[in-house]
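Here's the structure we're looking at; comments come further down.
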Amino acid sequence: MIDFFTTHAPVLTIVVFIFGALLAPVFGRINNSLSYYCALITTALSFVLSVYLLFSVYNNAPLEYFLGGWKPPYGIEYRVDILNSFILSVVSFVSFLSVIYGYGSIKSEIYEKRHPAFYSVYLLFIGGMMGILITNDIFNMYVFLEITSLAGYALIAMGRTRYSYMASFNYLILGSVGATFFLIGIGYLYMQTGTLNLTDLAQRLQGHFDTNVVLVAIAFIVVGLMLKMAVFPLHFWLPDAYTYSPSVISAAMAGTSTKVAAYLLIRLMYTIFGIQAGFSGINFSGIIIVIASITILAGSIIAISQTDLKKMLAFSSIGQIGYILIGTAMVNKYAFAGGLLHILNHAMMKTALFMVAGGFFYKFTSTKINDLKGMGRQMPFASAMFLILSLSMVGIPLTVGFISKWYIILGAAQSGYWIVVPVILLSSLLTAIYFGRVVHNLFFKDSEASNTGILHAKIPYSMVSSTAVLVFLCIFFGVFAYMPVEISLKAAENIIGAMPWK
Amino acid sequence: MIEFIADKYNFWIAIVLMMIGFYAIIAKHNLVKKVIGLNIFQTSVFLFYISISKVNGGTAPIIWHPEGHAEVVYDNPLPHVLILTAIVVSVSVTAVALGIIVKLYKNYGSIEEDEIKLIEHNEPELDSK
């Protein structure tokens, strides 16, 4: 029995989600709360499988799994190495905690009869992302990208306000355009090489980087994925989508979906486009670093002017995606490890921040920053957690935010991209400004009598405990950073490999 | 110049369709027209895939043993299969989009993007139906 699970672990991480998504509405017919437990068990199972995969590939060679026994390049191949099993664990952990959080918050935000459908779509959403992470076939990536996007549109539309539908529609249009760009890019790559397997593509593309076909393919794929990632000039769907969706979905999406798109770009950049070597006289990493720097600064500056807490956090997410890109584009071991660490760290911090914002919403049905005056006295525990997370976002030592910024700056100094250092320091300052505004309102202002009425007196334990776990991990991995740093350094070595990195 | 256009006419058709679709997505305020634009945009990619699978003198990729022909050249069937998946995806995107438009019409009484934004600006934060 155990043997079955270990040999088929790569495909099981996705199969459990597909079965869970099918079973959740069936159980929901019997009893609404059964669909919740279905989602809980599914995400817990996938977390266990992902951690098993991570330990297995950390100690041994990368795992290859051929679907249906068809050897690549004829069949679809699932390939697990340290890079994707690390992100698999992050995604499944965040989704598991979000389900726990949802036990309290879903009841107040979504109509009772929609719960089974909600959990079903939620499992498809996470399952699609696991598929993107684990597959080694570029067309399979597109299919999973569309599965997770379609589920994402439905989840955003389940928000409480009527503007949720408009936010969902805008994301649908832009997301489909991005995915179609990705599809065009795949078409051009197939035209040049006649294969879809990533390993095979990498071999066959050698020496063809000068052709226009490959350049056009790279341009389409990079732009399409940047749309999915919400990099600065293409970010218009993200703030509305995060603001008007249910609290659970804001938390889960902020921790997972844009990071998975970033993983996709990292994987394609390093495995097939050969960013290490550079091609046809174009400084690929230089272009991405400039775009990412603009994203970091623009996201942080726009976040300062927001009046809604959730919207502010959304713009902050746009800025933080820039860190992941900037770290991984520098082709340096330490910077890459920093970017990878930021995927974990930002997933923990931003998920927890959206969870706290959801807590404020649960109690007062408002997330306006001006309505939060004096909350430090009424909700001391939630406000304290918000303070710790803000410090972590700024990058104060002893929190996780410091670790990833440290490694990115270290890598920038080594590889000679000095422009990155002031960008990161300036953005830390801007982060301090926009979080400082909220913390000031929370702790140093008197609450106004005109505050919106209290909806629920007490916040459920499920919401508090899941947030507290993430806040604890924010400090724990900030002090004992050994484990994630080791894993991401080893992943960086594997990915950058024997190539001469700067 | 004429030859350049005539030789690659399949790509030109894809480009023209793509730009028509893209224009509709960007410029139209009516949400249904946006969805139609998205469909045209995606259709151009389907045609592009189908056209790159064509082999000179090739026939439909069904195994065939005609009399007197030693070798039969087939078109590449893989892009056809791939695009079948993409068509399914495109249909589901359209279905979700139309479902959202129905909900928007129920809530706002309009499917014009600017009117919806105006209504939302004047009387925000109502629970959805």
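Following the order of the structure tokens, chains are lettered A, B, ..., residues in each are numbered from 1, and ligands are numbered from 1.
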
For chain A against chain B, with a cut-off of 6 Å and counting only C-alpha atoms, what is the closest atom pair and its distance in Å to one decimal for every residue that makes the cut, ordered by chain and number, as a Markdown table?
| residue | atom | partner | partner_atom | distance |
| --- | --- | --- | --- | --- |
| A:Arg160 | CA | B:Asp127 | CA | 6.0 |
| A:Thr161 | CA | B:Asp127 | CA | 4.9 |
| A:Arg162 | CA | B:Ser128 | CA | 4.1 |

Within 10 Å of segment 98-106 of chain A, counting only C-alpha atoms, which residues show up once you throw out same-chain ones fewer than 6 positions away? Write them as a ChimeraX atom specification, please. /A:33,36-37,39-41,43-44,92,112,115,118-119,122-123,246-253,255,351-352,355,358-359,361-362,459-467

Could you save the residues just selected, with C-alpha atoms, as an mmCIF file, in the first residue's frame?
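Output contents, as saved in out-v2.cif:
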data_model
loop_
_atom_site.group_PDB
_atom_site.id
_atom_site.type_symbol
_atom_site.label_atom_id
_atom_site.label_comp_id
_atom_site.auth_asym_id
_atom_site.auth_seq_id
_atom_site.Cartn_x
_atom_site.Cartn_y
_atom_site.Cartn_z
ATOM 1 C CA SER A 33 -20.218 20.478 6.267
ATOM 2 C CA TYR A 36 -15.667 21.150 3.977
ATOM 3 C CA TYR A 37 -14.042 18.035 5.449
ATOM 4 C CA ALA A 39 -11.579 19.844 1.022
ATOM 5 C CA LEU A 40 -9.642 19.661 4.285
ATOM 6 C CA ILE A 41 -8.611 16.033 3.800
ATOM 7 C CA THR A 43 -5.406 19.547 0.831
ATOM 8 C CA ALA A 44 -3.858 17.819 3.867
ATOM 9 C CA SER A 92 -0.322 22.963 -0.684
ATOM 10 C CA GLU A 112 -25.060 28.403 2.424
ATOM 11 C CA HIS A 115 -20.649 25.929 -0.170
ATOM 12 C CA PHE A 118 -17.234 26.622 -3.647
ATOM 13 C CA TYR A 119 -15.097 23.818 -2.216
ATOM 14 C CA TYR A 122 -11.430 25.695 -4.837
ATOM 15 C CA LEU A 123 -9.927 22.207 -5.108
ATOM 16 C CA PRO A 246 -14.039 36.399 -0.442
ATOM 17 C CA SER A 247 -11.363 36.703 2.277
ATOM 18 C CA VAL A 248 -10.297 33.061 1.917
ATOM 19 C CA ILE A 249 -9.770 33.469 -1.788
ATOM 20 C CA SER A 250 -7.796 36.698 -1.399
ATOM 21 C CA ALA A 251 -5.568 34.883 1.075
ATOM 22 C CA ALA A 252 -5.147 31.734 -1.000
ATOM 23 C CA MET A 253 -4.669 33.591 -4.297
ATOM 24 C CA GLY A 255 -0.105 33.161 -1.599
ATOM 25 C CA THR A 351 -1.586 35.098 3.089
ATOM 26 C CA ALA A 352 -1.464 35.947 6.794
ATOM 27 C CA MET A 355 -6.273 36.620 6.710
ATOM 28 C CA GLY A 358 -10.462 39.101 6.532
ATOM 29 C CA GLY A 359 -10.700 39.069 10.317
ATOM 30 C CA PHE A 361 -13.934 42.352 7.687
ATOM 31 C CA TYR A 362 -15.568 39.520 9.647
ATOM 32 C CA ILE A 459 -13.718 35.765 15.743
ATOM 33 C CA PRO A 460 -13.808 31.942 15.381
ATOM 34 C CA TYR A 461 -10.834 29.895 16.518
ATOM 35 C CA SER A 462 -10.312 28.466 13.048
ATOM 36 C CA MET A 463 -9.559 31.929 11.664
ATOM 37 C CA VAL A 464 -7.292 32.919 14.548
ATOM 38 C CA SER A 465 -5.353 29.659 14.682
ATOM 39 C CA SER A 466 -4.545 29.440 10.971
ATOM 40 C CA THR A 467 -3.299 33.041 10.960
#

Point out the residue among A:Arg204, A:Lys311, A:Lys333, A:Arg437 with the least atom-to-atom distance to Pro73 of chain A, counting only C-alpha atoms. A:Arg204

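Using only C-alpha atoms for every distance, the candidate list A:Val438, A:Ile30, A:Ile173, A:Val143 yields A:Val143 as the residue closest to Val88 of chain B.
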
Which residues come within 8 Å of Leu83 of chain A, counting only C-alpha atoms, excluding same-chain residues fewer than 5 positions away, as a PyMOL selection string? chain A and resi 488+491-492+495

Those same residues, written as a short mmCIF file (atom, residue, chain, number, x, y, z; two decimals), in the first residue's frame with C-alpha atoms?
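Resulting contents of part-v9.cif:
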data_model
loop_
_atom_site.label_atom_id
_atom_site.label_comp_id
_atom_site.auth_asym_id
_atom_site.auth_seq_id
_atom_site.Cartn_x
_atom_site.Cartn_y
_atom_site.Cartn_z
CA SER A 488 16.68 26.90 -1.99
CA ALA A 491 17.65 24.17 -5.88
CA ALA A 492 19.60 27.15 -7.22
CA ILE A 495 18.93 24.91 -11.83
#

Run DSSP on the backbone and tell me which residues of segment 162-382 of chain A come out as alpha helix (DSSP H); list them as a PyMOL selection string. chain A and resi 163-193+198-205+212-229+237-244+247-271+284-304+309-329+333-364+375-378+380-382

For atom CA of Val260 of chain A and atom CA of Lys228 of chain A, the interatomic separation in Å (one decimal):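 One can read the atom CA of Val260 of chain A to atom CA of Lys228 of chain A distance as 9.4 Å.
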
Segment 210-221 of chain A surroundings by only C-alpha atoms, 10 Å radius, close-in-sequence under 6 positions cut, as a list of chain:residue names: A:Gly178, A:Ala179, A:Thr180, A:Phe181, A:Phe182, A:Leu183, A:Ile184, A:Gly185, A:Ile186, A:Gly187, A:Tyr188, A:Leu189, A:Tyr190, A:Met191, A:Gln192, A:Thr193, A:Leu227, A:Leu264, A:Leu265, A:Leu268, A:Met269, A:Ile272, A:Phe273, A:Phe279, A:Ser280, A:Gly281

Would you mind exporting C-alpha atoms of the selected residues as a CSV table (one decimal), in the first residue's frame?
chain,number,residue,atom,x,y,z
A,178,GLY,CA,-2.4,36.1,-21.4
A,179,ALA,CA,-3.0,32.4,-21.7
A,180,THR,CA,-3.6,32.7,-25.4
A,181,PHE,CA,-0.3,34.5,-25.8
A,182,PHE,CA,1.3,31.6,-24.0
A,183,LEU,CA,-0.5,29.2,-26.5
A,184,ILE,CA,0.9,31.2,-29.5
A,185,GLY,CA,4.4,30.9,-28.0
A,186,ILE,CA,4.0,27.2,-27.7
A,187,GLY,CA,2.9,27.0,-31.3
A,188,TYR,CA,6.0,28.8,-32.5
A,189,LEU,CA,8.3,26.6,-30.3
A,190,TYR,CA,6.5,23.5,-31.8
A,191,MET,CA,7.0,24.9,-35.3
A,192,GLN,CA,10.7,25.1,-34.7
A,193,THR,CA,11.3,21.9,-32.9
A,227,LEU,CA,0.1,39.3,-17.6
A,264,LEU,CA,6.5,29.0,-14.9
A,265,LEU,CA,8.6,31.9,-16.2
A,268,LEU,CA,11.1,28.3,-19.0
A,269,MET,CA,13.8,30.9,-18.7
A,272,ILE,CA,14.6,26.1,-22.4
A,273,PHE,CA,15.4,29.7,-23.1
A,279,PHE,CA,21.3,34.7,-26.9
A,280,SER,CA,21.5,36.7,-30.1
A,281,GLY,CA,23.0,39.7,-28.4

Please determine, counting only C-alpha atoms, which residue among A:Gly127, A:Gly286, A:Pro380, A:Gly75 has the shortest atom-to-atom distance to Ser149 of chain A. A:Gly127
